[in-house]
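Let me begin by presenting the structure, written as structure tokens, before commenting on it.
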Amino acid sequence: MNIVMVNGQFVERNEAKVDIEDRGYQFGDGIYEVIRVYNGKMFAASEHLERLVECAGKIKLTLPFSNTDIQTMLQTLIEKNALTTGIVYLQSSRGVAVRNHAFPTTDTVASFIAYTKELPRPLHNITNGVKAALVEDERWLKCDIKSLNLLGNILAKQEAAELGCFEAILHRGETVTEGSSSNISIVKDGVVYTHQADKYILNGITRQQMLALCGVHSIAFEEKSFTVEELLNADEVFMTSTTAEVTPIIEIAGRKIGTGAPGSISIKLQQLLASEIARQCGRIYLEIDR
Ligand code: PDD
């Protein structure tokens with residue numbers, strides 16, 4: 001089955017339509033979320049939907065549904081598609097209106113779509129780590145908004161992909177900000193450092209979960225930016241995101257990080273996150289095939 005949700009209606013994917021003047025399609029004038037699904041249940045759904053509401057406020061978008069209604073619709077969608085492990089993607093744009101940069105009239109209702117996708121946990125990457133490239137962060141100054149405009153992120157990711165790397169680590173001059181689709185953390189002398197949540201990064205839900213777990217399990221951490229040099233000389237580097245969970249980065253711009261293998265704090269955080277996922281969504285494999 002391939003059922004998607006369009007403006008509150010569940011329809012077959014091949015029957016779903018986007019108007020050519022939808023502002024999401026024309027301007028990227030909208031926001032989105034990606035929520036992980038394990039055992040048919042959403043992980044950290046309320047946190048994702050709270051961020052959606054925050055981002056809607058930041059772009060002055062009135063969402064057409066309440067969070068309670070969105071959560072119910074997403075769960076129905078997951079069930080209709082019999083999804084066990086994967087993601088649910090949702091986006092809301094400023095609706096359909098005659099092309100004009102300024103906002104349309106207030107009676108224009110925001111568009112809202114969601115669909116599910118099967119996606120296994122990336123156990124190979126989680127276990128073995130990935131390579132990353134260094135790319136200058138040339139995006140705008142509202143990176144805290146989960147905007148549909150992803151050109152800056154896409155161009156950076158493509159640059160990394162062409163170098164055979166899984167992720168692009170972005171930096172504004174000397175300061176590391178985040179990944180093209182993830183947050184970046186380093187470990188130095190037992191302390192986890194990650195860029196503070198400000199306009200230069202998306203305050204990732206996985207990042208927030210990871211920091212909360214550090215707090216509960218007495219792993220020292222600081223929300224403080226670090227330099228490219230500190231990144232390259234870190235004991236461990238890892239990325240966090242909804243789809244990547246905690247994925248170690250073992251090589252950056254051709255240079256080995258630490259021993260060149262996933263570090264002990266990264267592994268500890270993977271296990272703690274997996275326990276938290278299991279607590280919310282039921283059993284998942286905690287033992288990664290190491
Ligand atoms: N990307 N930073 C950026 C630029 C991102 O695009 C993402 C997520 C994150 C991590 O956020 P979270 O932990 O809430 O997933 C950080 C999603 C998964 C995507 O665009 O597919």
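Residue numbers start at 1 in each chain; chains themselves are named A, B, ... in the order of the structure tokens; ligands are numbered from 1 in the order shown.
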Range 64-73 of chain A environment, 9 Å, only C-alpha atoms, sequence neighbours closer than 2 positions dropped, as a list in words
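Surrounding residues, per the criterion: Met5, Asn7, Gly8, Phe10, Ala45, Ser46, Leu49, Glu50, Val53, Thr62, Gln75, Thr76, Leu77, Ile78, Ser92, Val109, Ala110, Ser111, Phe112 and Ala114 of chain A.
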Go ahead and save the picked residues with C-alpha atoms, as a PDB file, in the first residue's frame.
```pdb
ATOM      1  CA  MET A   5      -1.836  12.384   3.385  1.00  0.00           C
ATOM      2  CA  ASN A   7      -4.448  18.358   3.478  1.00  0.00           C
ATOM      3  CA  GLY A   8      -5.964  15.887   5.930  1.00  0.00           C
ATOM      4  CA  PHE A  10      -5.624   9.933   2.856  1.00  0.00           C
ATOM      5  CA  ALA A  45       6.985  12.783  17.929  1.00  0.00           C
ATOM      6  CA  SER A  46       5.960  15.563  20.325  1.00  0.00           C
ATOM      7  CA  LEU A  49       5.882  18.607  16.272  1.00  0.00           C
ATOM      8  CA  GLU A  50       6.799  21.253  18.844  1.00  0.00           C
ATOM      9  CA  VAL A  53       5.118  24.827  15.545  1.00  0.00           C
ATOM     10  CA  THR A  62      -0.454  29.316  10.361  1.00  0.00           C
ATOM     11  CA  GLN A  75      -0.103   7.429  13.261  1.00  0.00           C
ATOM     12  CA  THR A  76      -3.033   6.553  10.951  1.00  0.00           C
ATOM     13  CA  LEU A  77      -0.741   6.977   7.951  1.00  0.00           C
ATOM     14  CA  ILE A  78       1.841   4.657   9.503  1.00  0.00           C
ATOM     15  CA  SER A  92       3.574  22.507   5.339  1.00  0.00           C
ATOM     16  CA  VAL A 109      -4.843  27.974   3.807  1.00  0.00           C
ATOM     17  CA  ALA A 110      -1.438  26.377   4.310  1.00  0.00           C
ATOM     18  CA  SER A 111      -0.855  23.110   2.434  1.00  0.00           C
ATOM     19  CA  PHE A 112       0.048  20.086   4.519  1.00  0.00           C
ATOM     20  CA  ALA A 114       2.815  13.642   4.819  1.00  0.00           C
TER      21      ALA A 114
END
```
Determine, using only C-alpha atoms and all ligand atoms, which residues of chain A have any atom at most 9 Å from an atom of ligand 1, and tabulate each with its shortest atom pair and distance in Å to one decimal place, rows ordered by chain and then rising number, as CSV.
```
residue,atom,partner,partner_atom_place_in_ligand_line,distance
A:Tyr32,CA,ligand 1,20 (O),8.3
A:Glu33,CA,ligand 1,17 (C),7.2
A:Val34,CA,ligand 1,18 (C),5.4
A:Ile35,CA,ligand 1,15 (O),7.4
A:Arg36,CA,ligand 1,15 (O),8.6
A:Glu47,CA,ligand 1,14 (O),8.8
A:His48,CA,ligand 1,14 (O),7.0
A:Arg51,CA,ligand 1,14 (O),8.8
A:Tyr89,CA,ligand 1,21 (O),8.4
A:Cys143,CA,ligand 1,4 (C),7.2
A:Asp144,CA,ligand 1,2 (N),8.5
A:Lys146,CA,ligand 1,6 (O),7.2
A:Leu150,CA,ligand 1,6 (O),8.3
A:Asn153,CA,ligand 1,4 (C),6.8
A:Glu178,CA,ligand 1,2 (N),6.2
A:Gly179,CA,ligand 1,2 (N),6.0
A:Ser180,CA,ligand 1,4 (C),5.0
A:Ser181,CA,ligand 1,6 (O),3.4
A:Ser182,CA,ligand 1,16 (C),3.6
A:Asn183,CA,ligand 1,16 (C),4.5
A:Ile184,CA,ligand 1,16 (C),8.2
A:Ile201,CA,ligand 1,2 (N),6.3
A:Leu202,CA,ligand 1,2 (N),4.7
A:Asn203,CA,ligand 1,11 (O),6.6
A:Gly204,CA,ligand 1,11 (O),3.4
A:Ile205,CA,ligand 1,14 (O),3.8
A:Thr206,CA,ligand 1,13 (O),3.7
A:Arg207,CA,ligand 1,13 (O),5.6
A:Gln208,CA,ligand 1,13 (O),7.7
A:Gln209,CA,ligand 1,13 (O),8.4
A:Met239,CA,ligand 1,10 (C),8.5
A:Thr240,CA,ligand 1,13 (O),5.8
A:Ser241,CA,ligand 1,13 (O),3.6
A:Thr242,CA,ligand 1,15 (O),3.6
A:Thr243,CA,ligand 1,18 (C),5.6
A:Ala244,CA,ligand 1,18 (C),7.9
A:Glu245,CA,ligand 1,13 (O),7.6
```
Would you pick out the contacts of Phe166 in chain A at 9 Å or less, using only C-alpha atoms, so that residues sharing its chain but fewer than 6 positions from it are not included, and give the list as a ChimeraX atom specification?
/A:130-133,157,160
Next, dump the selected residues to file, keeping only C-alpha atoms, as a short mmCIF file (atom, residue, chain, number, x, y, z; two decimals), in the first residue's frame.
```cif
data_model
loop_
_atom_site.label_atom_id
_atom_site.label_comp_id
_atom_site.auth_asym_id
_atom_site.auth_seq_id
_atom_site.Cartn_x
_atom_site.Cartn_y
_atom_site.Cartn_z
CA VAL A 130 31.68 7.17 7.98
CA LYS A 131 33.92 9.65 6.19
CA ALA A 132 33.12 13.35 6.00
CA ALA A 133 34.28 16.28 3.89
CA LYS A 157 26.14 17.25 0.47
CA ALA A 160 30.89 15.58 -0.12
#
```
From a DSSP pass on the backbone, collect the residues of range 34-194 of chain A flagged as alpha helix (DSSP H) and hand them back as a PDB file with N, CA, C and O atoms, in the first residue's frame.
```pdb
ATOM      1  N   ALA A  45       7.942  12.078  18.801  1.00  0.00           N
ATOM      2  CA  ALA A  45       6.985  12.783  17.929  1.00  0.00           C
ATOM      3  C   ALA A  45       6.632  14.155  18.491  1.00  0.00           C
ATOM      4  O   ALA A  45       6.598  15.142  17.741  1.00  0.00           O
ATOM      5  N   SER A  46       6.374  14.244  19.808  1.00  0.00           N
ATOM      6  CA  SER A  46       5.960  15.563  20.325  1.00  0.00           C
ATOM      7  C   SER A  46       7.066  16.586  20.170  1.00  0.00           C
ATOM      8  O   SER A  46       6.795  17.749  19.849  1.00  0.00           O
ATOM      9  N   GLU A  47       8.323  16.169  20.350  1.00  0.00           N
ATOM     10  CA  GLU A  47       9.447  17.110  20.197  1.00  0.00           C
ATOM     11  C   GLU A  47       9.505  17.620  18.745  1.00  0.00           C
ATOM     12  O   GLU A  47       9.712  18.807  18.494  1.00  0.00           O
ATOM     13  N   HIS A  48       9.343  16.702  17.787  1.00  0.00           N
ATOM     14  CA  HIS A  48       9.376  17.118  16.373  1.00  0.00           C
ATOM     15  C   HIS A  48       8.225  18.078  16.069  1.00  0.00           C
ATOM     16  O   HIS A  48       8.414  19.076  15.369  1.00  0.00           O
ATOM     17  N   LEU A  49       7.044  17.764  16.592  1.00  0.00           N
ATOM     18  CA  LEU A  49       5.882  18.607  16.272  1.00  0.00           C
ATOM     19  C   LEU A  49       5.960  19.949  16.987  1.00  0.00           C
ATOM     20  O   LEU A  49       5.507  20.959  16.466  1.00  0.00           O
ATOM     21  N   GLU A  50       6.588  19.963  18.170  1.00  0.00           N
ATOM     22  CA  GLU A  50       6.799  21.253  18.844  1.00  0.00           C
ATOM     23  C   GLU A  50       7.752  22.125  18.016  1.00  0.00           C
ATOM     24  O   GLU A  50       7.554  23.329  17.868  1.00  0.00           O
ATOM     25  N   ARG A  51       8.792  21.488  17.455  1.00  0.00           N
ATOM     26  CA  ARG A  51       9.727  22.258  16.615  1.00  0.00           C
ATOM     27  C   ARG A  51       9.006  22.771  15.358  1.00  0.00           C
ATOM     28  O   ARG A  51       9.250  23.894  14.912  1.00  0.00           O
ATOM     29  N   LEU A  52       8.102  21.952  14.814  1.00  0.00           N
ATOM     30  CA  LEU A  52       7.325  22.375  13.638  1.00  0.00           C
ATOM     31  C   LEU A  52       6.538  23.646  13.968  1.00  0.00           C
ATOM     32  O   LEU A  52       6.538  24.608  13.192  1.00  0.00           O
ATOM     33  N   VAL A  53       5.911  23.658  15.126  1.00  0.00           N
ATOM     34  CA  VAL A  53       5.118  24.827  15.545  1.00  0.00           C
ATOM     35  C   VAL A  53       6.032  26.047  15.739  1.00  0.00           C
ATOM     36  O   VAL A  53       5.713  27.156  15.301  1.00  0.00           O
ATOM     37  N   GLU A  54       7.183  25.808  16.361  1.00  0.00           N
ATOM     38  CA  GLU A  54       8.147  26.909  16.562  1.00  0.00           C
ATOM     39  C   GLU A  54       8.585  27.490  15.214  1.00  0.00           C
ATOM     40  O   GLU A  54       8.650  28.706  15.033  1.00  0.00           O
ATOM     41  N   CYS A  55       8.918  26.591  14.280  1.00  0.00           N
ATOM     42  CA  CYS A  55       9.380  27.047  12.959  1.00  0.00           C
ATOM     43  C   CYS A  55       8.258  27.766  12.230  1.00  0.00           C
ATOM     44  O   CYS A  55       8.495  28.778  11.550  1.00  0.00           O
ATOM     45  N   ALA A  56       7.026  27.267  12.361  1.00  0.00           N
ATOM     46  CA  ALA A  56       5.876  27.934  11.732  1.00  0.00           C
ATOM     47  C   ALA A  56       5.795  29.364  12.254  1.00  0.00           C
ATOM     48  O   ALA A  56       5.621  30.311  11.475  1.00  0.00           O
ATOM     49  N   GLY A  57       5.968  29.532  13.569  1.00  0.00           N
ATOM     50  CA  GLY A  57       5.947  30.872  14.170  1.00  0.00           C
ATOM     51  C   GLY A  57       7.039  31.750  13.587  1.00  0.00           C
ATOM     52  O   GLY A  57       6.803  32.916  13.260  1.00  0.00           O
ATOM     53  N   LYS A  58       8.234  31.171  13.397  1.00  0.00           N
ATOM     54  CA  LYS A  58       9.363  31.963  12.897  1.00  0.00           C
ATOM     55  C   LYS A  58       9.155  32.438  11.468  1.00  0.00           C
ATOM     56  O   LYS A  58       9.741  33.424  11.043  1.00  0.00           O
ATOM     57  N   ASN A  67      -1.375  20.099  16.781  1.00  0.00           N
ATOM     58  CA  ASN A  67      -0.405  19.025  16.937  1.00  0.00           C
ATOM     59  C   ASN A  67      -1.061  17.700  17.292  1.00  0.00           C
ATOM     60  O   ASN A  67      -0.611  16.649  16.853  1.00  0.00           O
ATOM     61  N   THR A  68      -2.118  17.756  18.075  1.00  0.00           N
ATOM     62  CA  THR A  68      -2.822  16.511  18.431  1.00  0.00           C
ATOM     63  C   THR A  68      -3.387  15.877  17.161  1.00  0.00           C
ATOM     64  O   THR A  68      -3.247  14.667  16.952  1.00  0.00           O
ATOM     65  N   ASP A  69      -3.999  16.701  16.306  1.00  0.00           N
ATOM     66  CA  ASP A  69      -4.563  16.171  15.057  1.00  0.00           C
ATOM     67  C   ASP A  69      -3.456  15.650  14.134  1.00  0.00           C
ATOM     68  O   ASP A  69      -3.602  14.602  13.508  1.00  0.00           O
ATOM     69  N   ILE A  70      -2.343  16.384  14.075  1.00  0.00           N
ATOM     70  CA  ILE A  70      -1.239  15.940  13.197  1.00  0.00           C
ATOM     71  C   ILE A  70      -0.740  14.579  13.682  1.00  0.00           C
ATOM     72  O   ILE A  70      -0.575  13.644  12.898  1.00  0.00           O
ATOM     73  N   GLN A  71      -0.530  14.472  14.991  1.00  0.00           N
ATOM     74  CA  GLN A  71       0.004  13.218  15.543  1.00  0.00           C
ATOM     75  C   GLN A  71      -0.939  12.039  15.230  1.00  0.00           C
ATOM     76  O   GLN A  71      -0.493  10.966  14.823  1.00  0.00           O
ATOM     77  N   THR A  72      -2.245  12.264  15.359  1.00  0.00           N
ATOM     78  CA  THR A  72      -3.220  11.200  15.063  1.00  0.00           C
ATOM     79  C   THR A  72      -3.167  10.840  13.578  1.00  0.00           C
ATOM     80  O   THR A  72      -3.154   9.655  13.216  1.00  0.00           O
ATOM     81  N   MET A  73      -3.089  11.864  12.719  1.00  0.00           N
ATOM     82  CA  MET A  73      -3.059  11.600  11.269  1.00  0.00           C
ATOM     83  C   MET A  73      -1.786  10.833  10.881  1.00  0.00           C
ATOM     84  O   MET A  73      -1.832   9.923  10.063  1.00  0.00           O
ATOM     85  N   LEU A  74      -0.662  11.206  11.503  1.00  0.00           N
ATOM     86  CA  LEU A  74       0.603  10.529  11.166  1.00  0.00           C
ATOM     87  C   LEU A  74       0.547   9.066  11.602  1.00  0.00           C
ATOM     88  O   LEU A  74       0.984   8.176  10.861  1.00  0.00           O
ATOM     89  N   GLN A  75      -0.011   8.812  12.784  1.00  0.00           N
ATOM     90  CA  GLN A  75      -0.103   7.429  13.261  1.00  0.00           C
ATOM     91  C   GLN A  75      -1.020   6.620  12.340  1.00  0.00           C
ATOM     92  O   GLN A  75      -0.715   5.474  11.996  1.00  0.00           O
ATOM     93  N   THR A  76      -2.117   7.236  11.887  1.00  0.00           N
ATOM     94  CA  THR A  76      -3.033   6.553  10.951  1.00  0.00           C
ATOM     95  C   THR A  76      -2.292   6.220   9.657  1.00  0.00           C
ATOM     96  O   THR A  76      -2.416   5.106   9.121  1.00  0.00           O
ATOM     97  N   LEU A  77      -1.499   7.178   9.183  1.00  0.00           N
ATOM     98  CA  LEU A  77      -0.741   6.977   7.951  1.00  0.00           C
ATOM     99  C   LEU A  77       0.233   5.799   8.087  1.00  0.00           C
ATOM    100  O   LEU A  77       0.356   4.970   7.185  1.00  0.00           O
ATOM    101  N   ILE A  78       0.894   5.741   9.235  1.00  0.00           N
ATOM    102  CA  ILE A  78       1.841   4.657   9.503  1.00  0.00           C
ATOM    103  C   ILE A  78       1.098   3.317   9.467  1.00  0.00           C
ATOM    104  O   ILE A  78       1.552   2.349   8.850  1.00  0.00           O
ATOM    105  N   GLU A  79      -0.066   3.290  10.073  1.00  0.00           N
ATOM    106  CA  GLU A  79      -0.846   2.050  10.113  1.00  0.00           C
ATOM    107  C   GLU A  79      -1.376   1.687   8.730  1.00  0.00           C
ATOM    108  O   GLU A  79      -1.311   0.529   8.326  1.00  0.00           O
ATOM    109  N   LYS A  80      -1.870   2.661   7.998  1.00  0.00           N
ATOM    110  CA  LYS A  80      -2.394   2.387   6.642  1.00  0.00           C
ATOM    111  C   LYS A  80      -1.315   1.806   5.743  1.00  0.00           C
ATOM    112  O   LYS A  80      -1.592   1.023   4.848  1.00  0.00           O
ATOM    113  N   LEU A 123      22.731   0.399  10.288  1.00  0.00           N
ATOM    114  CA  LEU A 123      23.598  -0.298  11.249  1.00  0.00           C
ATOM    115  C   LEU A 123      25.046  -0.392  10.790  1.00  0.00           C
ATOM    116  O   LEU A 123      25.962  -0.348  11.601  1.00  0.00           O
ATOM    117  N   HIS A 124      25.239  -0.494   9.485  1.00  0.00           N
ATOM    118  CA  HIS A 124      26.615  -0.592   8.990  1.00  0.00           C
ATOM    119  C   HIS A 124      27.388   0.693   9.330  1.00  0.00           C
ATOM    120  O   HIS A 124      28.503   0.640   9.861  1.00  0.00           O
ATOM    121  N   ASN A 125      26.786   1.834   9.048  1.00  0.00           N
ATOM    122  CA  ASN A 125      27.442   3.117   9.336  1.00  0.00           C
ATOM    123  C   ASN A 125      27.599   3.349  10.838  1.00  0.00           C
ATOM    124  O   ASN A 125      28.609   3.874  11.297  1.00  0.00           O
ATOM    125  N   ILE A 126      26.563   2.976  11.588  1.00  0.00           N
ATOM    126  CA  ILE A 126      26.608   3.163  13.043  1.00  0.00           C
ATOM    127  C   ILE A 126      27.768   2.344  13.619  1.00  0.00           C
ATOM    128  O   ILE A 126      28.487   2.776  14.510  1.00  0.00           O
ATOM    129  N   THR A 127      27.943   1.163  13.085  1.00  0.00           N
ATOM    130  CA  THR A 127      28.980   0.264  13.600  1.00  0.00           C
ATOM    131  C   THR A 127      30.389   0.664  13.154  1.00  0.00           C
ATOM    132  O   THR A 127      31.318   0.666  13.953  1.00  0.00           O
ATOM    133  N   ASN A 128      30.495   1.021  11.873  1.00  0.00           N
ATOM    134  CA  ASN A 128      31.848   1.219  11.320  1.00  0.00           C
ATOM    135  C   ASN A 128      32.266   2.676  11.198  1.00  0.00           C
ATOM    136  O   ASN A 128      33.449   2.958  11.017  1.00  0.00           O
ATOM    137  N   LEU A 151      18.819  24.306  -0.712  1.00  0.00           N
ATOM    138  CA  LEU A 151      19.850  24.360  -1.750  1.00  0.00           C
ATOM    139  C   LEU A 151      21.263  24.384  -1.174  1.00  0.00           C
ATOM    140  O   LEU A 151      22.146  23.663  -1.650  1.00  0.00           O
ATOM    141  N   GLY A 152      21.475  25.202  -0.150  1.00  0.00           N
ATOM    142  CA  GLY A 152      22.807  25.272   0.465  1.00  0.00           C
ATOM    143  C   GLY A 152      23.240  23.923   1.011  1.00  0.00           C
ATOM    144  O   GLY A 152      24.392  23.493   0.846  1.00  0.00           O
ATOM    145  N   ASN A 153      22.301  23.232   1.639  1.00  0.00           N
ATOM    146  CA  ASN A 153      22.601  21.912   2.212  1.00  0.00           C
ATOM    147  C   ASN A 153      22.863  20.891   1.099  1.00  0.00           C
ATOM    148  O   ASN A 153      23.773  20.063   1.184  1.00  0.00           O
ATOM    149  N   ILE A 154      22.050  20.985   0.051  1.00  0.00           N
ATOM    150  CA  ILE A 154      22.166  20.027  -1.059  1.00  0.00           C
ATOM    151  C   ILE A 154      23.512  20.178  -1.770  1.00  0.00           C
ATOM    152  O   ILE A 154      24.196  19.192  -2.055  1.00  0.00           O
ATOM    153  N   LEU A 155      23.885  21.433  -2.037  1.00  0.00           N
ATOM    154  CA  LEU A 155      25.154  21.666  -2.740  1.00  0.00           C
ATOM    155  C   LEU A 155      26.333  21.165  -1.911  1.00  0.00           C
ATOM    156  O   LEU A 155      27.289  20.582  -2.433  1.00  0.00           O
ATOM    157  N   ALA A 156      26.254  21.354  -0.588  1.00  0.00           N
ATOM    158  CA  ALA A 156      27.324  20.882   0.297  1.00  0.00           C
ATOM    159  C   ALA A 156      27.365  19.352   0.315  1.00  0.00           C
ATOM    160  O   ALA A 156      28.434  18.738   0.205  1.00  0.00           O
ATOM    161  N   LYS A 157      26.197  18.729   0.428  1.00  0.00           N
ATOM    162  CA  LYS A 157      26.136  17.252   0.470  1.00  0.00           C
ATOM    163  C   LYS A 157      26.670  16.664  -0.833  1.00  0.00           C
ATOM    164  O   LYS A 157      27.398  15.670  -0.839  1.00  0.00           O
ATOM    165  N   GLN A 158      26.328  17.300  -1.955  1.00  0.00           N
ATOM    166  CA  GLN A 158      26.788  16.803  -3.252  1.00  0.00           C
ATOM    167  C   GLN A 158      28.311  16.893  -3.358  1.00  0.00           C
ATOM    168  O   GLN A 158      28.962  15.983  -3.879  1.00  0.00           O
ATOM    169  N   GLU A 159      28.857  17.999  -2.837  1.00  0.00           N
ATOM    170  CA  GLU A 159      30.315  18.165  -2.849  1.00  0.00           C
ATOM    171  C   GLU A 159      30.961  17.017  -2.076  1.00  0.00           C
ATOM    172  O   GLU A 159      31.939  16.423  -2.522  1.00  0.00           O
ATOM    173  N   ALA A 160      30.375  16.682  -0.940  1.00  0.00           N
ATOM    174  CA  ALA A 160      30.891  15.576  -0.125  1.00  0.00           C
ATOM    175  C   ALA A 160      30.737  14.248  -0.861  1.00  0.00           C
ATOM    176  O   ALA A 160      31.668  13.435  -0.916  1.00  0.00           O
ATOM    177  N   ALA A 161      29.565  14.042  -1.455  1.00  0.00           N
ATOM    178  CA  ALA A 161      29.298  12.781  -2.164  1.00  0.00           C
ATOM    179  C   ALA A 161      30.310  12.578  -3.289  1.00  0.00           C
ATOM    180  O   ALA A 161      30.822  11.472  -3.498  1.00  0.00           O
ATOM    181  N   GLU A 162      30.633  13.668  -3.993  1.00  0.00           N
ATOM    182  CA  GLU A 162      31.592  13.561  -5.102  1.00  0.00           C
ATOM    183  C   GLU A 162      32.994  13.229  -4.608  1.00  0.00           C
ATOM    184  O   GLU A 162      33.830  12.758  -5.365  1.00  0.00           O
TER     185      GLU A 162
END
```
Any idea what the distance is between CA of Gly28 in chain A and CA of Ile145 in chain A?
12.4 Å
Shell around Lys41 in chain A at 7 Å using only C-alpha atoms, local window under 3 positions removed, as an MDAnalysis selection string
chainID A and resid 37:38 281
Return as number ranges by chain the full set of residues in range 56-227 of chain A whose backbone-based DSSP assignment is strand (DSSP E).
A: 86-93, 111-118, 130-136, 167-172, 175-179, 183-188, 191-194, 221-223
May I ask for the distance between CA of Glu223 in chain A and CA of His171 in chain A, given in Å to one decimal place?
16.2 Å
Name all residues at most 10 Å from Leu269 in chain A (count only C-alpha atoms; drop same-chain ones fewer than 2 positions away) and give them as a PyMOL selection string.
chain A and resi 209-211+213-214+217+219+238+245-247+264-267+271-275
Just the selected residues (C-alpha atoms), exported as a PDB file, in the first residue's frame, please.
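Written output follows (result_35.pdb):
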```
ATOM      1  CA  GLN A 209      18.129  13.618  23.072  1.00  0.00           C
ATOM      2  CA  MET A 210      21.868  12.942  23.044  1.00  0.00           C
ATOM      3  CA  LEU A 211      22.600  15.896  25.364  1.00  0.00           C
ATOM      4  CA  LEU A 213      21.305  11.360  27.870  1.00  0.00           C
ATOM      5  CA  CYS A 214      24.742  12.852  28.610  1.00  0.00           C
ATOM      6  CA  HIS A 217      24.414   9.396  32.572  1.00  0.00           C
ATOM      7  CA  ILE A 219      28.868  12.261  30.503  1.00  0.00           C
ATOM      8  CA  PHE A 238      30.069  11.899  15.543  1.00  0.00           C
ATOM      9  CA  GLU A 245      21.058   8.279  15.109  1.00  0.00           C
ATOM     10  CA  VAL A 246      24.622   8.543  16.496  1.00  0.00           C
ATOM     11  CA  THR A 247      26.974   7.810  13.586  1.00  0.00           C
ATOM     12  CA  SER A 264      34.054   4.697  23.286  1.00  0.00           C
ATOM     13  CA  ILE A 265      31.835   7.709  24.098  1.00  0.00           C
ATOM     14  CA  SER A 266      30.233   7.556  20.643  1.00  0.00           C
ATOM     15  CA  ILE A 267      29.495   3.867  21.219  1.00  0.00           C
ATOM     16  CA  GLN A 271      23.651   2.379  23.195  1.00  0.00           C
ATOM     17  CA  LEU A 272      21.976   4.972  25.420  1.00  0.00           C
ATOM     18  CA  LEU A 273      19.989   6.338  22.476  1.00  0.00           C
ATOM     19  CA  ALA A 274      18.973   2.809  21.462  1.00  0.00           C
ATOM     20  CA  SER A 275      17.712   2.202  25.033  1.00  0.00           C
TER      21      SER A 275
END
```
Find the residue from A:Asn100, A:Thr175, A:Thr116, A:Thr105 that sits nearest to Glu21 in chain A; use only C-alpha atoms when measuring.
A:Asn100
d(CA of Leu83 in chain A, CA of Gln280 in chain A) in Å:
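Result for CA of Leu83 in chain A versus CA of Gln280 in chain A: 16.5 Å, one decimal.
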Among the residues A:Ala168, A:Ile250, A:Ile87, A:Val191, the one that comes closest to Gly40 in chain A [using only C-alpha atoms]:
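Closest to Gly40 in chain A, using only C-alpha atoms: A:Ile87.
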